[in-house]
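Structure data (compact mmCIF, C-alpha atoms) from input-v1.txt:
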# COMPACT_ATOMS: atom_id res chain seq x y z
CA MET N 28 -19.14 11.09 27.92
CA ALA N 29 -18.53 9.29 24.61
CA SER N 30 -16.32 12.15 23.47
CA LEU N 31 -14.20 11.90 26.63
CA HIS N 32 -14.05 8.15 26.15
CA ILE N 33 -12.88 8.38 22.55
CA ASP N 34 -10.29 11.00 23.55
CA ARG N 35 -8.81 8.62 26.13
CA ILE N 36 -8.67 5.78 23.60
CA LEU N 37 -7.01 8.03 20.98
CA GLU N 38 -4.45 9.30 23.52
CA THR N 39 -3.63 5.72 24.57
CA CYS N 40 -3.09 4.77 20.93
CA ILE N 41 -0.69 7.69 20.36
CA LYS N 42 1.21 7.18 23.66
CA ARG N 43 1.74 3.46 23.06
CA GLY N 44 2.74 3.90 19.42
CA ALA N 45 -0.10 1.71 18.11
CA SER N 46 -1.09 1.81 14.44
CA ASP N 47 -4.82 1.00 14.69
CA ILE N 48 -7.79 1.00 17.08
CA HIS N 49 -10.64 -1.54 16.78
CA LEU N 50 -13.96 -0.75 18.46
CA SER N 51 -16.33 -3.70 18.16
CA VAL N 52 -19.36 -4.82 20.18
CA GLY N 53 -18.59 -7.66 22.61
CA ARG N 54 -14.91 -6.80 23.18
CA PRO N 55 -13.03 -3.99 24.92
CA PRO N 56 -11.19 -1.52 22.64
CA ILE N 57 -8.27 -3.26 20.89
CA LEU N 58 -5.02 -1.69 19.67
CA ARG N 59 -2.73 -3.03 16.95
CA LEU N 60 0.73 -2.68 18.45
CA HIS N 61 3.76 -3.72 16.33
CA GLY N 62 1.47 -5.81 14.16
CA ARG N 63 -0.22 -7.65 17.08
CA LEU N 64 -3.72 -7.09 18.50
CA ARG N 65 -3.66 -6.00 22.15
CA GLN N 66 -6.83 -5.61 24.26
CA LEU N 67 -7.21 -2.58 26.58
CA GLU N 68 -8.16 -3.25 30.18
CA THR N 69 -11.47 -1.39 30.00
CA LYS N 70 -15.15 -2.33 29.80
CA VAL N 71 -16.55 -4.56 27.08
CA LEU N 72 -18.24 -2.39 24.44
CA GLU N 73 -22.03 -2.67 24.04
CA PRO N 74 -24.11 -1.62 20.98
CA ASP N 75 -24.93 1.78 22.51
CA ASP N 76 -21.23 2.41 23.23
CA THR N 77 -20.05 1.98 19.63
CA VAL N 78 -22.97 4.11 18.35
CA ALA N 79 -22.10 6.91 20.81
CA LEU N 80 -18.39 6.68 19.95
CA MET N 81 -19.23 6.77 16.24
CA LYS N 82 -21.44 9.86 16.61
CA SER N 83 -18.75 11.68 18.59
CA ILE N 84 -16.28 11.63 15.65
CA THR N 85 -18.31 11.05 12.45
CA PRO N 86 -19.43 14.04 10.30
CA ASP N 87 -23.16 14.22 9.46
CA ARG N 88 -22.52 13.45 5.80
CA ASN N 89 -20.74 10.22 6.74
CA GLN N 90 -23.40 9.25 9.28
CA GLN N 91 -25.94 9.53 6.46
CA GLU N 92 -23.72 7.37 4.20
CA LEU N 93 -23.48 4.78 6.99
CA GLN N 94 -27.29 4.65 7.18
CA GLU N 95 -27.70 4.36 3.41
CA GLU N 96 -24.71 2.23 2.40
CA GLY N 97 -23.83 0.35 5.58
CA GLY N 98 -20.33 1.83 5.74
CA THR N 99 -18.32 5.06 5.45
CA ASP N 100 -14.70 6.30 5.49
CA PHE N 101 -13.31 9.65 6.58
CA GLY N 102 -10.33 11.29 8.28
CA PHE N 103 -10.09 13.73 11.18
CA ALA N 104 -7.44 15.58 13.19
CA PHE N 105 -7.05 14.85 16.91
CA GLY N 106 -5.86 18.32 17.94
CA ASP N 107 -2.20 18.63 17.02
CA GLN N 108 -1.39 15.14 18.31
CA GLY N 109 -2.21 13.29 15.11
CA ARG N 110 -4.67 12.44 12.36
CA PHE N 111 -6.80 9.34 12.09
CA ARG N 112 -8.28 7.57 9.07
CA VAL N 113 -11.60 6.01 10.07
CA SER N 114 -13.67 3.16 8.66
CA VAL N 115 -17.15 2.74 10.15
CA PHE N 116 -19.33 -0.21 9.11
CA ARG N 117 -22.24 -2.32 10.24
CA GLN N 118 -21.87 -5.97 11.17
CA LYS N 119 -24.64 -8.15 12.70
CA GLY N 120 -26.66 -4.95 12.95
CA ASN N 121 -24.07 -3.23 15.19
CA VAL N 122 -21.68 -0.38 14.47
CA THR N 123 -17.96 -1.22 14.29
CA ILE N 124 -15.20 1.39 14.06
CA VAL N 125 -11.59 0.96 12.92
CA LEU N 126 -9.25 3.96 13.27
CA ARG N 127 -5.75 4.13 11.79
CA LEU N 128 -3.24 6.59 13.24
CA ILE N 129 -1.53 8.61 10.51
CA PRO N 130 1.91 9.74 11.74
CA THR N 131 2.40 13.51 11.74
CA ARG N 132 6.07 13.23 10.72
CA PHE N 133 7.13 12.33 7.19
CA LEU N 134 9.73 9.57 7.08
CA THR N 135 12.85 9.92 4.93
CA PHE N 136 13.75 7.42 2.21
CA ASP N 137 16.56 6.10 4.43
CA GLU N 138 14.25 5.61 7.43
CA ILE N 139 11.79 3.62 5.32
CA GLY N 140 14.62 1.73 3.62
CA LEU N 141 13.66 2.68 0.06
CA PRO N 142 16.12 1.85 -2.75
CA PRO N 143 18.38 4.91 -3.42
CA ILE N 144 17.27 5.04 -7.09
CA CYS N 145 13.81 6.19 -5.90
CA ARG N 146 15.20 9.72 -5.54
CA ALA N 147 16.12 9.79 -9.25
CA LEU N 148 12.76 8.27 -10.24
CA CYS N 149 10.90 10.99 -8.29
CA ARG N 150 12.69 13.57 -10.47
CA ARG N 151 11.39 12.03 -13.71
CA PRO N 152 9.19 14.42 -15.73
CA ARG N 153 6.69 11.71 -16.68
CA GLY N 154 5.71 8.10 -16.07
CA LEU N 155 3.75 5.82 -13.75
CA PHE N 156 5.21 4.76 -10.37
CA LEU N 157 3.14 2.11 -8.54
CA VAL N 158 3.37 1.23 -4.85
CA THR N 159 1.56 -2.04 -4.17
CA GLY N 160 0.87 -4.46 -1.34
CA PRO N 161 -1.95 -5.64 0.92
CA THR N 162 -3.89 -3.32 3.24
CA GLY N 163 -1.70 -2.15 6.11
CA SER N 164 1.60 -2.69 4.31
CA GLY N 165 2.64 0.98 4.51
CA LYS N 166 1.81 2.08 0.95
CA THR N 167 0.41 5.44 2.12
CA THR N 168 3.50 6.18 4.22
CA THR N 169 5.84 5.36 1.31
CA LEU N 170 3.88 7.55 -1.12
CA SER N 171 3.68 10.44 1.33
CA SER N 172 7.48 10.30 1.73
CA MET N 173 7.93 10.49 -2.05
CA ILE N 174 5.50 13.41 -2.37
CA ASN N 175 7.21 15.16 0.56
CA TYR N 176 10.63 14.65 -1.12
CA ILE N 177 9.35 16.25 -4.36
CA ASN N 178 7.67 19.04 -2.37
CA ASN N 179 10.95 19.82 -0.55
CA GLU N 180 13.37 19.48 -3.47
CA LEU N 181 11.60 20.44 -6.72
CA ASP N 182 9.35 23.21 -8.01
CA ARG N 183 6.33 21.22 -9.20
CA HIS N 184 2.56 21.54 -9.12
CA ILE N 185 1.44 18.43 -7.21
CA VAL N 186 -2.23 17.36 -7.19
CA THR N 187 -3.32 14.46 -4.98
CA VAL N 188 -6.67 12.62 -5.14
CA GLU N 189 -7.31 10.67 -1.94
CA ASP N 190 -10.12 8.86 -0.12
CA PRO N 191 -9.79 10.19 2.55
CA ILE N 192 -6.83 12.63 2.73
CA GLU N 193 -4.38 11.07 5.18
CA TYR N 194 -1.08 12.96 5.38
CA TYR N 195 -1.58 16.72 5.15
CA HIS N 196 1.10 18.45 3.03
CA THR N 197 1.86 22.17 3.05
CA HIS N 198 3.29 24.22 0.15
CA LYS N 199 7.09 24.13 0.23
CA LYS N 200 9.26 24.38 -2.89
CA SER N 201 6.33 22.85 -4.79
CA LEU N 202 2.70 23.95 -4.93
CA ILE N 203 0.48 21.14 -3.60
CA ASN N 204 -3.31 20.74 -3.83
CA GLN N 205 -5.04 17.78 -2.15
CA ARG N 206 -8.53 16.71 -3.24
CA GLU N 207 -10.69 14.38 -1.16
CA VAL N 208 -13.09 11.98 -2.89
CA GLY N 209 -16.63 12.51 -1.61
CA ASN N 210 -15.79 15.96 -0.28
CA ASP N 211 -13.96 17.87 -3.05
CA VAL N 212 -14.76 15.56 -5.98
CA GLY N 213 -17.17 12.69 -6.70
CA SER N 214 -14.76 9.88 -7.62
CA PHE N 215 -11.15 9.04 -8.51
CA SER N 216 -11.99 8.72 -12.21
CA GLU N 217 -13.82 12.08 -12.27
CA ALA N 218 -10.93 13.77 -10.46
CA LEU N 219 -8.45 12.33 -12.96
CA ARG N 220 -10.51 13.54 -15.91
CA ARG N 221 -10.45 17.09 -14.52
CA VAL N 222 -6.91 17.18 -13.11
CA LEU N 223 -5.24 17.41 -16.52
CA ARG N 224 -6.81 20.87 -16.97
CA SER N 225 -5.15 22.19 -13.80
CA ASP N 226 -1.55 22.26 -15.16
CA PRO N 227 -0.17 19.50 -12.88
CA ASP N 228 3.38 18.14 -12.96
CA VAL N 229 2.87 15.38 -10.40
CA ILE N 230 -0.39 13.50 -9.74
CA LEU N 231 -1.04 11.14 -6.82
CA VAL N 232 -4.04 8.83 -7.27
CA GLY N 233 -4.83 7.29 -3.88
CA GLU N 234 -5.97 3.99 -5.41
CA MET N 235 -6.53 2.59 -8.91
CA ARG N 236 -9.90 1.05 -8.03
CA ASP N 237 -11.61 0.58 -11.38
CA LEU N 238 -10.99 0.32 -15.11
CA GLU N 239 -11.68 4.02 -15.78
CA THR N 240 -9.24 5.17 -13.07
CA ILE N 241 -6.51 2.79 -14.30
CA SER N 242 -7.04 3.95 -17.88
CA ASN N 243 -6.95 7.65 -16.93
CA ALA N 244 -3.82 7.17 -14.77
CA ILE N 245 -1.96 5.51 -17.68
CA LEU N 246 -3.14 8.29 -20.03
CA ALA N 247 -1.92 10.98 -17.60
CA ALA N 248 1.50 9.27 -17.39
CA GLU N 249 1.68 9.04 -21.20
CA THR N 250 0.81 12.71 -21.70
CA GLY N 251 3.75 14.08 -19.71
CA HIS N 252 2.90 13.80 -16.02
CA LEU N 253 4.56 11.89 -13.18
CA VAL N 254 1.78 9.73 -11.70
CA PHE N 255 1.94 7.84 -8.39
CA SER N 256 -0.72 5.32 -7.39
CA THR N 257 -1.42 2.12 -5.43
CA LEU N 258 -2.87 -1.31 -6.08
CA HIS N 259 -3.71 -4.10 -3.64
CA THR N 260 -1.45 -6.61 -5.37
CA THR N 261 1.55 -8.66 -4.25
CA GLY N 262 4.70 -8.70 -6.35
CA CYS N 263 5.68 -6.72 -9.45
CA GLN N 264 4.70 -9.42 -11.93
CA GLY N 265 1.25 -9.77 -10.31
CA THR N 266 0.75 -5.99 -10.42
CA ILE N 267 1.31 -5.79 -14.17
CA ASN N 268 -0.96 -8.79 -14.80
CA ARG N 269 -3.71 -7.24 -12.64
CA ILE N 270 -3.63 -3.98 -14.62
CA ILE N 271 -3.76 -5.75 -17.99
CA ASP N 272 -6.48 -8.18 -16.85
CA ALA N 273 -8.68 -5.24 -15.79
CA PHE N 274 -9.20 -4.39 -19.47
CA PRO N 275 -11.45 -6.20 -21.97
CA HIS N 276 -9.59 -8.88 -23.93
CA GLU N 277 -9.63 -6.90 -27.19
CA GLN N 278 -7.87 -3.92 -25.51
CA GLN N 279 -5.15 -5.87 -23.73
CA ASP N 280 -2.52 -5.75 -26.50
CA GLN N 281 -2.89 -1.97 -26.71
CA ILE N 282 -2.62 -1.61 -22.90
CA ARG N 283 0.55 -3.72 -22.86
CA VAL N 284 2.13 -1.28 -25.32
CA GLN N 285 0.93 1.77 -23.32
CA LEU N 286 2.11 0.26 -20.02
CA SER N 287 5.52 -0.68 -21.45
CA THR N 288 6.16 2.97 -22.41
CA SER N 289 4.57 4.71 -19.39
CA LEU N 290 5.53 2.49 -16.40
CA ILE N 291 8.75 3.55 -14.66
CA ALA N 292 8.76 1.40 -11.50
CA VAL N 293 6.77 -0.92 -9.22
CA LEU N 294 7.50 -1.10 -5.50
CA SER N 295 5.65 -3.98 -3.82
CA GLN N 296 5.91 -4.03 -0.06
CA ALA N 297 5.01 -5.99 3.06
CA LEU N 298 5.16 -4.81 6.67
CA LEU N 299 6.44 -7.15 9.39
CA PRO N 300 6.99 -7.03 13.17
CA LYS N 301 10.64 -6.14 13.82
CA LYS N 302 12.69 -7.74 16.59
CA PRO N 303 12.61 -6.75 19.42
CA THR N 304 9.95 -4.05 18.79
CA GLY N 305 8.64 -1.92 15.98
CA MET N 306 7.90 -2.67 12.34
CA VAL N 307 10.08 -3.16 9.26
CA ALA N 308 9.15 -3.07 5.56
CA ALA N 309 10.25 -5.70 3.05
CA TYR N 310 10.28 -4.69 -0.62
CA GLU N 311 10.11 -6.15 -4.07
CA PHE N 312 11.34 -3.49 -6.47
CA MET N 313 11.28 -3.35 -10.26
CA VAL N 314 12.55 -0.56 -12.51
CA CYS N 315 11.04 -0.67 -16.00
CA THR N 316 14.22 -1.10 -18.05
CA PRO N 317 14.02 -1.58 -21.86
CA ALA N 318 14.31 -5.36 -21.28
CA ILE N 319 11.35 -5.40 -18.86
CA ALA N 320 9.36 -3.07 -21.14
CA ASN N 321 9.82 -5.68 -23.91
CA LEU N 322 8.54 -8.46 -21.62
CA ILE N 323 5.41 -6.41 -20.85
CA ARG N 324 4.82 -5.56 -24.52
CA GLU N 325 5.34 -9.17 -25.68
CA ASN N 326 3.11 -10.69 -22.95
CA LYS N 327 6.03 -12.46 -21.25
CA THR N 328 5.43 -11.15 -17.73
CA PHE N 329 6.22 -14.62 -16.31
CA ARG N 330 9.89 -13.78 -17.01
CA ILE N 331 9.84 -10.57 -14.94
CA ASP N 332 11.06 -12.27 -11.74
CA SER N 333 14.25 -13.45 -13.45
CA ALA N 334 14.70 -9.98 -15.01
CA ILE N 335 14.49 -8.47 -11.50
CA GLN N 336 17.19 -10.88 -10.30
CA THR N 337 19.54 -9.69 -13.06
CA GLY N 338 18.73 -6.00 -12.41
CA LYS N 339 20.48 -5.59 -9.06
CA LYS N 340 22.58 -2.64 -10.33
CA PHE N 341 19.31 -0.65 -10.55
CA GLY N 342 18.44 -1.61 -6.97
CA MET N 343 15.98 -4.28 -8.11
CA GLN N 344 15.19 -7.19 -5.78
CA LEU N 345 12.57 -9.87 -5.22
CA LEU N 346 10.46 -9.79 -2.06
CA ASP N 347 11.73 -13.18 -0.84
CA GLU N 348 15.36 -12.02 -1.23
CA HIS N 349 14.71 -9.01 0.98
CA LEU N 350 12.79 -11.12 3.53
CA TRP N 351 15.73 -13.52 3.72
CA ASN N 352 18.18 -10.61 4.20
CA LEU N 353 16.07 -9.23 7.06
CA PHE N 354 15.92 -12.72 8.63
CA GLU N 355 19.70 -13.19 8.35
CA LYS N 356 20.24 -9.81 10.03
CA GLY N 357 18.03 -11.00 12.92
CA GLN N 358 15.40 -8.33 12.27
CA ILE N 359 12.43 -10.68 11.66
CA ASP N 360 11.31 -14.14 12.82
CA ALA N 361 11.24 -17.18 10.53
CA ASP N 362 7.47 -17.62 10.87
CA GLU N 363 6.84 -13.99 9.84
CA MET N 364 9.14 -14.45 6.85
CA ILE N 365 7.23 -17.55 5.68
CA ASP N 366 3.85 -15.83 6.19
CA LYS N 367 4.84 -12.94 3.90
CA ALA N 368 6.94 -14.86 1.34
CA ARG N 369 5.76 -15.28 -2.27
CA ASN N 370 7.41 -18.72 -2.54
CA ALA N 371 7.10 -20.02 1.01
CA GLY N 372 8.18 -23.51 -0.07
CA GLU N 373 11.57 -22.24 -1.25
CA ILE N 374 12.05 -20.30 2.00
CA GLN N 375 11.27 -23.46 3.99
CA ASP N 376 13.86 -25.38 1.93
CA LYS N 377 16.50 -22.71 2.65
CA LEU N 378 15.70 -22.84 6.38
CA GLU N 379 16.00 -26.63 6.31
CA LYS N 380 19.43 -26.43 4.64
CA ILE N 381 20.82 -24.22 7.38
CA GLY N 382 19.13 -26.22 10.16
CA ARG N 383 16.74 -23.47 11.27
CA LEU N 384 13.43 -24.86 10.01
CA HIS N 385 12.25 -25.47 13.60
CA GLU N 386 12.12 -21.67 14.14
CA ALA N 387 9.18 -21.38 11.72
CA GLY N 388 6.91 -23.27 14.16
CA GLU N 389 3.25 -23.21 13.17
CA ALA N 390 3.94 -21.23 10.00
CA LEU N 391 5.09 -24.49 8.39
CA ILE N 392 2.47 -25.63 5.90
CA THR N 393 2.43 -28.00 2.96
CA ILE N 394 2.75 -25.44 0.23
CA HIS N 395 5.45 -27.17 -1.80
CA GLU N 396 2.89 -28.52 -4.25
CA ASP N 397 1.41 -25.08 -5.03
CA THR N 398 4.76 -23.41 -5.68
CA THR N 399 5.90 -26.40 -7.77
CA ASN N 400 2.78 -26.11 -9.88
CA GLU N 401 3.45 -22.38 -10.42
CA LYS N 402 6.99 -23.15 -11.59
CA ASP N 403 5.76 -25.92 -13.89
CA GLN N 404 3.29 -23.48 -15.46
CA ASP N 405 6.05 -20.91 -16.00
CA LYS N 406 8.32 -23.54 -17.56
CA GLY N 407 5.47 -24.60 -19.82
CA LYS N 408 5.01 -21.01 -20.97
CA GLU N 409 8.73 -20.65 -21.65
CA LYS N 410 8.74 -23.83 -23.75
CA LYS N 411 5.80 -22.52 -25.78
CA GLU N 412 7.54 -19.17 -26.27
CA GLY N 413 10.75 -21.01 -27.21

Go ahead and render the structure in this file as structure tokens.
Amino acid sequence: MASLHIDRILETCIKRGASDIHLSVGRPPILRLHGRLRQLETKVLEPDDTVALMKSITPDRNQQELQEEGGTDFGFAFGDQGRFRVSVFRQKGNVTIVLRLIPTRFLTFDEIGLPPICRALCRRPRGLFLVTGPTGSGKTTTLSSMINYINNELDRHIVTVEDPIEYYHTHKKSLINQREVGNDVGSFSEALRRVLRSDPDVILVGEMRDLETISNAILAAETGHLVFSTLHTTGCQGTINRIIDAFPHEQQDQIRVQLSTSLIAVLSQALLPKKPTGMVAAYEFMVCTPAIANLIRENKTFRIDSAIQTGKKFGMQLLDEHLWNLFEKGQIDADEMIDKARNAGEIQDKLEKIGRLHEAGEALITIHEDTTNEKDQDKGKEKKEG
């Protein structure tokens, strides 16, 4: 019965074009549709329901991990209709399940809206390309498109390390091997230590979770491999600071030098509801030019935003610039733009100037002070450097 039930829920998710399913005690099943939570008109789930639904899709190994650790992650195929990434965890003693639908079709760079220079960067023989953003911002989809582009166009040996494997790739012009953490290998860091012995050209690290993984990813990029990975950071400047801050203080100067020579680009993205339906991605994009490499090496990352603004010929742009462009084209609402903006105060000021501040509604908050303080700190740093 539970299996039939889960099948119906999965089919509804695919038919409606939802991105996620939430199964939690005390509520009916809930879909995330175009960024919004929508409740299904079915029965309210009870503790026994979520346990039965969990058992119908969760491998024994993961059920054991749930018992021991209180949570587990895995992926599974729903026939040929699609794949789902699943997170199962305990809360208030009950089992909760969140399933994310992984599209079966790879999107092209144009469909995603990636900067054209990404094609050239994917052809680089070595370097580190980071795709960053909060959970649910489309990082996996962007990376899978890049890997699929390389697989179609170039003869490379691609090795991916994922937890769990989401998009399944087949051998095309490239040879591709996908390793799943917990199934094929113990951890990201262990996989990265071993991958260099397998003659790879391109390495995808699902997530740079810890110091050892970050260190090994930078080393792999330095030693002649093209490395793709993700971080849960917002903005290009914040991404670089997060990497450097992960290391002990005495190693940070060395890491700045390594990062300045190995980093090729950072793509920081946010996903927003598109008008009238669907989703659209907004990007902040930085190519590591010699000027930006110098800023990283000399610990002047606070100047990266202005370097991005002057790097438009490389396709560089700040997140707030792209958000404003999408708003002007009528693709996103003002309140969504403010929610995702890095400097929401500046966006509010721009809306006020053109007489459209009222469209932001409840997204209006008193954030001017925070952004002013950030600017003051940056100015203070510049004075010191000067």

| request: Give me, please, the distance in Å between atom CA of N:Ala309 and atom CA of N:Phe329, quoted to one decimal. | output: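 Atom CA of N:Phe329 lies 21.7 Å from atom CA of N:Ala309.
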
Contacts of stretch 285-293 of chain N within 8 Å, only C-alpha atoms, excl. fewer than 2 positions in-chain, as a short mmCIF file (atom, residue, chain, number, x, y, z; two decimals) with C-alpha atoms, keeping the file's coordinate frame:
data_model
loop_
_atom_site.label_atom_id
_atom_site.label_comp_id
_atom_site.auth_asym_id
_atom_site.auth_seq_id
_atom_site.Cartn_x
_atom_site.Cartn_y
_atom_site.Cartn_z
CA LEU N 148 12.76 8.27 -10.24
CA ARG N 153 6.69 11.71 -16.68
CA GLY N 154 5.71 8.10 -16.07
CA LEU N 155 3.75 5.82 -13.75
CA PHE N 156 5.21 4.76 -10.37
CA LEU N 157 3.14 2.11 -8.54
CA VAL N 158 3.37 1.23 -4.85
CA THR N 159 1.56 -2.04 -4.17
CA ILE N 245 -1.96 5.51 -17.68
CA ALA N 248 1.50 9.27 -17.39
CA GLU N 249 1.68 9.04 -21.20
CA CYS N 263 5.68 -6.72 -9.45
CA THR N 266 0.75 -5.99 -10.42
CA GLN N 281 -2.89 -1.97 -26.71
CA ILE N 282 -2.62 -1.61 -22.90
CA ARG N 283 0.55 -3.72 -22.86
CA SER N 295 5.65 -3.98 -3.82
CA PHE N 312 11.34 -3.49 -6.47
CA MET N 313 11.28 -3.35 -10.26
CA VAL N 314 12.55 -0.56 -12.51
CA CYS N 315 11.04 -0.67 -16.00
CA THR N 316 14.22 -1.10 -18.05
CA ILE N 319 11.35 -5.40 -18.86
CA ALA N 320 9.36 -3.07 -21.14
CA ASN N 321 9.82 -5.68 -23.91
CA ILE N 323 5.41 -6.41 -20.85
CA ARG N 324 4.82 -5.56 -24.52
#

Report the closest atom pair, with its distance in Å rounded to one decimal, for each residue of stretch 250-323 of chain N that has an atom no farther than 12 Å from stretch 32-48 of chain N; count only C-alpha atoms, sort by chain and then rising residue number, and write it as a Markdown table.
| residue | atom | partner | partner_atom | distance |
| --- | --- | --- | --- | --- |
| N:Leu298 | CA | N:Ser46 | CA | 12.0 |
| N:Thr304 | CA | N:Gly44 | CA | 10.8 |
| N:Gly305 | CA | N:Gly44 | CA | 9.0 |
| N:Met306 | CA | N:Ser46 | CA | 10.3 |

| query | Taking (-10.7, -7.3, -17.3) in the file's coordinates, which residues come within 12 Å, counting only C-alpha atoms, written as a PyMOL selection string? | reply | chain N and resi 237-239+241-242+268-279+282

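Closest approach to N:Thr99 from the set N:Gly213, N:Pro74, N:Gly372, N:Pro86 is made by N:Pro86, with distances taken over all atoms listed in the file.
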
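One finds atom CA of N:Leu299 at 12.7 Å from atom CA of N:Gly357.
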
| Residue with smallest distance to N:Lys339 - pool N:Val113, N:Leu353, N:Ile144, N:Ile359, counting only C-alpha atoms |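 For N:Lys339, the nearest of the candidates is N:Ile144.
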
| request: Select, from N:Gln90, N:Asn204, N:Ser114, N:Ser83, the residue with the minimum atom-to-atom distance to N:His49, counting all atoms listed in the file. | output: N:Ser114

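The two atoms in question, atom CA of N:Leu58 and atom CA of N:Arg117, are spaced 19.6 Å apart.
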
| request: Could you tell me which of N:Arg206, N:Arg236, N:Lys119, N:Arg112 comes closest to N:Thr85 if we count all atoms listed in the file? | output: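 Among the listed residues, the smallest separation from N:Thr85 belongs to N:Arg112.
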
| said: Give me the residues near N:Ala368 as an MDAnalysis selection string, where near means some atom within 9 Å (using all atoms listed in the file) and where sequence neighbours in that chain fewer than 5 positions away do not count. | reply: chainID N and resid 346:347 350 363 374

Once 5 Å is added on each side, what are the centre and the three edge lengths, in Å to one decimal, of the axis-aligned box enclosing the listed atoms of stretch 91-96 of chain N? Present them as lines of an AutoDock Vina configuration file.
center_x = -25.6
center_y = 5.9
center_z = 4.8
size_x = 14.2
size_y = 17.3
size_z = 14.8

| field | Distance criterion (all atoms listed in the file): nearest to N:Gln296 out of N:Tyr176, N:Tyr194, N:Phe105, N:Tyr310 | value |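 Looking only at the distances to N:Gln296, the closest residue turns out to be N:Tyr310.
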
| query | For the point (-2.9, -6.0, 3.4) in file coordinates, what residues are within 12 Å, counting all atoms listed in the file? Give the answer as a count of residues only? | reply | 20

| Shell of 12 Å around stretch 93-96 of chain N, all atoms listed in the file, local chain residues under 6 positions omitted, as a ChimeraX atom specification | /N:78,81-82,85-87,114-118,120-124

| field | Pick from N:Cys149, N:Val307, N:Ala387, N:Ala244 nearest to N:Ser216, counting all atoms listed in the file | value |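 Of all the options, N:Ala244 lies closest to N:Ser216.
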